[in-house]
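Here's the structure we're looking at; comments come further down.
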Amino acid sequence: MHNRDYSTEPEQDSDQVDVQMQAGDGTLRTRHRSSSTSHDEAAGTKYPFAPGAPMTVRAIASDSQKENTHQKDEQTPENTSQTLTGRWFRRFRRKHHVMPHKPTVIDHIKNILLCPPIGRFARTLTLLLLVLLLWGVLWSLTREAALPGGYLFALLAVVVLSMIGGWLVTFIRLPALLGMLVMGVLLRNLPVVNIAKDLDRDLSSVLRNVALVVILIRAGLGLDPVALRRLAFVCIRLALTPCLVECITVAIMSHLLLGFPWEWGFLLGFVLAAVSPAVVVPSLISIQQQGLGVAKGIPTLVIAAASVDDVLAISGFSVVLGIAFSSGSLAWSIGRGPLELLLGISFGWLAGVITWYLPNFSEGNVVLQRFLLLFGGGLFSVFASKAVEVSGAGALGCLSMAFVSAYHWRKQGWTDGNNPVADIMAALWVVFQPTLFGLIGAEIDIHVIQLQTIGLGVAVLAVGLFFRLIASVCAVSFAGFSWKEKGFISLAWLPKATVQAAIGSIALETARERDAGAVKEDLGLQVLTIAVLVILITAPIGAAAIALSAPRLLTHDATYGQESSPTRANEHQPVLSEENACDARYEISTM
């Protein structure tokens, strides 16, 4: 190769030349050299190109000024437009913007509109896209049913609008389920937007039960076995005493104020005495996740007692219903309650033990298989119990199955703060929570409320709830709870919705099916009216009371959820990039 002397070459017209220099160690170094007389050239230094030279010089990045001029000449209006468009879009790219140390409201609004979206706005757009895709698929398959006036359109509208209603009430520090419940009531009863009238009752019932399975599994996975063993006797007292006291009080007051026969008074008492797992369980799970009352096992106590309370109320209702209409064996009706308890606990224990060994913990897809077994077992428990007419066993079996499963999974490292199946159920609850409460609200028809029954019905409710509060405090006495904690437990034992929506109309329907006469039909209509009133009064008040009183009445346990194994916990934690981590920190700071 011939040697070239760069000092004798004519000057290039470009301002700078990027020179890549390959050193003897094989590394590449880039150097910016003036295309005119460089400092080295001024000193008389030459850049040899000989094979044995210690460094080889190559110009790689720019050409002469003529080439630059030629490129400028080739710029067209289209290229100029693309450049301007790129600069315009650059204003909306998140990576080109940095939030100030003390952002204003305008800065927050600008940050929301940047691309890519983050935080709640991104989740909202994602949900909106999913809703549109779901509606498109339903329309493609069913056509008329997915259009306005169809039952699928009504269902989708109730779920989406209930989700929006739940989001809105969070701004005033109230639980989301309250807004969902109210939205369901409005969609059923407002003259202009009564979309819920088009709902299919059978489909709505199925979806409510599926949602109930989701929340019962979440509750069972979060039950504390140590606290439950310690509070077993207290749990039984809390499940039985307030329910029976309120039932007896309502029976007496309805007999005195409304003129109900005694059997119809107790029928109404068992309808009103059942607490609502759909309201109590998610509220207590939220309290538990905040670490409130966990040290003394208060969330576990209330959640476990709620299922037993429902079994007692439904069983008592079935017994009195048979007496009121003189149908069926009285012995079978009386023995049905204990039988449902035994069936529910037995099924839950057996199914839970199976999940200890199947699937094997060493398999790669153990999370998915355990979720399918647990969710499928819960669905089977609830729907099969209804099919064989022992519905009280379904919820208890679902709850106990999740509890028994989680008991062994904790020994394998899946603790309360690190249970991937619980994380999946929590994700499902995002969709099924508005489904459950929106559909419960849509079941409430205020047109069936008799004006003459409202005043005396509210009086019966008030007296019954007063004695229920006193019975709840007495039931948890001598168990190591403070007066504040006793007060919270009594407030948590107020909400009623699910059972009342399910059995409130049974007496009226039975009277009509059997042609029992106008008197019994009128009694059944009054029972339905008071059941609607108790949902409208106790569900929102009870949910708000739980959410607002818990931070003031319960003790916070800062160690809750921190006992998980670091090795196992890290396996399920998402890895955040630096950009995503910054976005997450910003999202938390703005919530």
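Within each chain, counting starts at residue 1; across the structure tokens, chains are named A, B, ... in the order shown, with ligands numbered 1 upward in that order.
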
Mind checking which residues fall within 9 Å of Met99 in chain A, counting only C-alpha atoms, ignoring those fewer than 3 positions away in the same chain, and posting them as a VMD selection string?
-> chain A and resid 102 to 103 107 to 108 111 586

May I have all residues of range 130-376 of chain A that DSSP, computed from the backbone, assigns to alpha helix (DSSP H), given as a PyMOL selection string?
-> chain A and resi 130-142+151-169+176-189+201-222+225-230+232-253+262-273+277-289+298-325+330-357+366-376

Shell around range 422-428 of chain A at 8 Å using only C-alpha atoms, local window under 5 positions removed, as a PyMOL selection string | chain A and resi 214-215+217-218+221+371

Using all heavy atoms, can you write the selected residues to a file as a PDB file, in the first residue's frame?
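Output (part-v6.pdb):
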ATOM      1  N   VAL A 214     -65.497 -15.727  43.354  1.00  0.00           N
ATOM      2  CA  VAL A 214     -64.215 -15.019  43.320  1.00  0.00           C
ATOM      3  C   VAL A 214     -63.908 -14.394  44.668  1.00  0.00           C
ATOM      4  O   VAL A 214     -62.802 -14.544  45.210  1.00  0.00           O
ATOM      5  CB  VAL A 214     -64.226 -13.949  42.207  1.00  0.00           C
ATOM      6  CG1 VAL A 214     -62.962 -13.088  42.274  1.00  0.00           C
ATOM      7  CG2 VAL A 214     -64.335 -14.600  40.839  1.00  0.00           C
ATOM      8  N   ILE A 215     -64.872 -13.701  45.256  1.00  0.00           N
ATOM      9  CA  ILE A 215     -64.601 -13.006  46.509  1.00  0.00           C
ATOM     10  C   ILE A 215     -64.490 -13.986  47.673  1.00  0.00           C
ATOM     11  O   ILE A 215     -63.714 -13.772  48.613  1.00  0.00           O
ATOM     12  CB  ILE A 215     -65.673 -11.926  46.778  1.00  0.00           C
ATOM     13  CG1 ILE A 215     -65.210 -11.003  47.902  1.00  0.00           C
ATOM     14  CG2 ILE A 215     -67.021 -12.535  47.082  1.00  0.00           C
ATOM     15  CD1 ILE A 215     -63.917 -10.306  47.619  1.00  0.00           C
ATOM     16  N   ILE A 217     -63.233 -17.049  47.468  1.00  0.00           N
ATOM     17  CA  ILE A 217     -61.898 -17.647  47.357  1.00  0.00           C
ATOM     18  C   ILE A 217     -60.846 -16.670  47.867  1.00  0.00           C
ATOM     19  O   ILE A 217     -59.914 -17.049  48.583  1.00  0.00           O
ATOM     20  CB  ILE A 217     -61.617 -18.056  45.904  1.00  0.00           C
ATOM     21  CG1 ILE A 217     -62.494 -19.247  45.517  1.00  0.00           C
ATOM     22  CG2 ILE A 217     -60.148 -18.413  45.710  1.00  0.00           C
ATOM     23  CD1 ILE A 217     -62.337 -19.676  44.077  1.00  0.00           C
ATOM     24  N   ARG A 218     -60.972 -15.405  47.500  1.00  0.00           N
ATOM     25  CA  ARG A 218     -60.042 -14.403  48.026  1.00  0.00           C
ATOM     26  C   ARG A 218     -60.087 -14.359  49.550  1.00  0.00           C
ATOM     27  O   ARG A 218     -59.049 -14.257  50.215  1.00  0.00           O
ATOM     28  CB  ARG A 218     -60.385 -13.024  47.478  1.00  0.00           C
ATOM     29  CG  ARG A 218     -60.074 -12.816  46.010  1.00  0.00           C
ATOM     30  CD  ARG A 218     -60.174 -11.349  45.661  1.00  0.00           C
ATOM     31  NE  ARG A 218     -59.122 -10.587  46.329  1.00  0.00           N
ATOM     32  CZ  ARG A 218     -59.144  -9.267  46.489  1.00  0.00           C
ATOM     33  NH1 ARG A 218     -60.195  -8.575  46.076  1.00  0.00           N
ATOM     34  NH2 ARG A 218     -58.153  -8.644  47.089  1.00  0.00           N
ATOM     35  N   LEU A 221     -58.397 -17.554  51.042  1.00  0.00           N
ATOM     36  CA  LEU A 221     -56.933 -17.520  50.947  1.00  0.00           C
ATOM     37  C   LEU A 221     -56.322 -16.575  51.978  1.00  0.00           C
ATOM     38  O   LEU A 221     -55.161 -16.743  52.366  1.00  0.00           O
ATOM     39  CB  LEU A 221     -56.517 -17.080  49.542  1.00  0.00           C
ATOM     40  CG  LEU A 221     -56.833 -18.052  48.401  1.00  0.00           C
ATOM     41  CD1 LEU A 221     -56.474 -17.431  47.055  1.00  0.00           C
ATOM     42  CD2 LEU A 221     -56.085 -19.371  48.572  1.00  0.00           C
ATOM     43  N   PHE A 371     -54.718 -22.428  40.241  1.00  0.00           N
ATOM     44  CA  PHE A 371     -55.810 -21.477  40.059  1.00  0.00           C
ATOM     45  C   PHE A 371     -57.028 -22.157  39.437  1.00  0.00           C
ATOM     46  O   PHE A 371     -58.161 -21.956  39.896  1.00  0.00           O
ATOM     47  CB  PHE A 371     -55.346 -20.320  39.174  1.00  0.00           C
ATOM     48  CG  PHE A 371     -56.476 -19.546  38.556  1.00  0.00           C
ATOM     49  CD1 PHE A 371     -57.273 -18.713  39.321  1.00  0.00           C
ATOM     50  CD2 PHE A 371     -56.760 -19.669  37.200  1.00  0.00           C
ATOM     51  CE1 PHE A 371     -58.316 -18.011  38.759  1.00  0.00           C
ATOM     52  CE2 PHE A 371     -57.798 -18.985  36.625  1.00  0.00           C
ATOM     53  CZ  PHE A 371     -58.587 -18.145  37.404  1.00  0.00           C
TER      54      PHE A 371
END

What are the closest atom pairs, with distances in Å to one decimal, for all residues of range 173-292 of chain A lying within 9 Å of range 537-557 of chain A? Consider only C-alpha atoms, order rows by chain and residue number, and present the result as a tab-separated table.
residue	atom	partner	partner_atom	distance
A:Arg173	CA	A:Leu548	CA	8.0
A:Leu174	CA	A:Ala544	CA	5.8
A:Pro175	CA	A:Ala544	CA	6.3
A:Leu177	CA	A:Ala543	CA	7.8
A:Leu178	CA	A:Pro540	CA	5.4
A:Gly179	CA	A:Pro540	CA	8.6
A:Leu181	CA	A:Pro540	CA	8.0
A:Val182	CA	A:Pro540	CA	8.4
A:Ser276	CA	A:Ala539	CA	8.2
A:Val279	CA	A:Ala543	CA	6.6
A:Val280	CA	A:Ala543	CA	7.5
A:Ser283	CA	A:Ile546	CA	6.9
A:Leu284	CA	A:Ile546	CA	8.0
A:Ser286	CA	A:Ala547	CA	8.5
A:Ile287	CA	A:Ala550	CA	7.1
A:Gln290	CA	A:His556	CA	7.7
A:Gly291	CA	A:Asp557	CA	4.9
A:Leu292	CA	A:His556	CA	4.4

Within 6 Å of range 162-164 of chain A, counting only C-alpha atoms, which residues show up once you throw out same-chain ones fewer than 2 positions away? Write them as a list in words, please.
->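 Everything that qualifies: Val158, Val159, Val160, Gly166, Trp167, Met180, Met183, Pro434 and Gly438 of chain A.
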
Now that the selection is made, can you save its residues with N, CA, C and O atoms as a PDB file, in the first residue's frame?
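Result written to selection_12.pdb:
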ATOM      1  N   VAL A 158     -74.334  -2.022  32.284  1.00  0.00           N
ATOM      2  CA  VAL A 158     -74.407  -2.027  33.747  1.00  0.00           C
ATOM      3  C   VAL A 158     -73.016  -2.213  34.357  1.00  0.00           C
ATOM      4  O   VAL A 158     -72.638  -1.516  35.311  1.00  0.00           O
ATOM      5  N   VAL A 159     -72.224  -3.129  33.823  1.00  0.00           N
ATOM      6  CA  VAL A 159     -70.889  -3.397  34.374  1.00  0.00           C
ATOM      7  C   VAL A 159     -69.985  -2.178  34.202  1.00  0.00           C
ATOM      8  O   VAL A 159     -69.308  -1.743  35.145  1.00  0.00           O
ATOM      9  N   VAL A 160     -69.963  -1.610  32.993  1.00  0.00           N
ATOM     10  CA  VAL A 160     -69.067  -0.478  32.724  1.00  0.00           C
ATOM     11  C   VAL A 160     -69.482   0.749  33.531  1.00  0.00           C
ATOM     12  O   VAL A 160     -68.645   1.416  34.162  1.00  0.00           O
ATOM     13  N   GLY A 166     -68.261   3.385  40.786  1.00  0.00           N
ATOM     14  CA  GLY A 166     -67.357   3.044  41.874  1.00  0.00           C
ATOM     15  C   GLY A 166     -66.122   3.913  41.898  1.00  0.00           C
ATOM     16  O   GLY A 166     -65.618   4.279  42.975  1.00  0.00           O
ATOM     17  N   TRP A 167     -65.620   4.263  40.711  1.00  0.00           N
ATOM     18  CA  TRP A 167     -64.442   5.133  40.645  1.00  0.00           C
ATOM     19  C   TRP A 167     -64.769   6.542  41.138  1.00  0.00           C
ATOM     20  O   TRP A 167     -63.962   7.178  41.813  1.00  0.00           O
ATOM     21  N   MET A 180     -70.997   1.532  42.914  1.00  0.00           N
ATOM     22  CA  MET A 180     -71.469   0.490  41.998  1.00  0.00           C
ATOM     23  C   MET A 180     -72.897   0.078  42.317  1.00  0.00           C
ATOM     24  O   MET A 180     -73.727  -0.107  41.419  1.00  0.00           O
ATOM     25  N   MET A 183     -75.261   2.908  41.311  1.00  0.00           N
ATOM     26  CA  MET A 183     -75.394   2.980  39.862  1.00  0.00           C
ATOM     27  C   MET A 183     -76.328   1.891  39.352  1.00  0.00           C
ATOM     28  O   MET A 183     -77.142   2.132  38.443  1.00  0.00           O
ATOM     29  N   PRO A 434     -67.631  -4.793  39.929  1.00  0.00           N
ATOM     30  CA  PRO A 434     -68.763  -4.029  39.386  1.00  0.00           C
ATOM     31  C   PRO A 434     -69.868  -4.921  38.841  1.00  0.00           C
ATOM     32  O   PRO A 434     -71.042  -4.528  38.845  1.00  0.00           O
ATOM     33  N   GLY A 438     -73.223  -4.061  40.650  1.00  0.00           N
ATOM     34  CA  GLY A 438     -74.111  -3.462  39.677  1.00  0.00           C
ATOM     35  C   GLY A 438     -75.361  -4.294  39.464  1.00  0.00           C
ATOM     36  O   GLY A 438     -76.479  -3.762  39.399  1.00  0.00           O
TER      37      GLY A 438
END
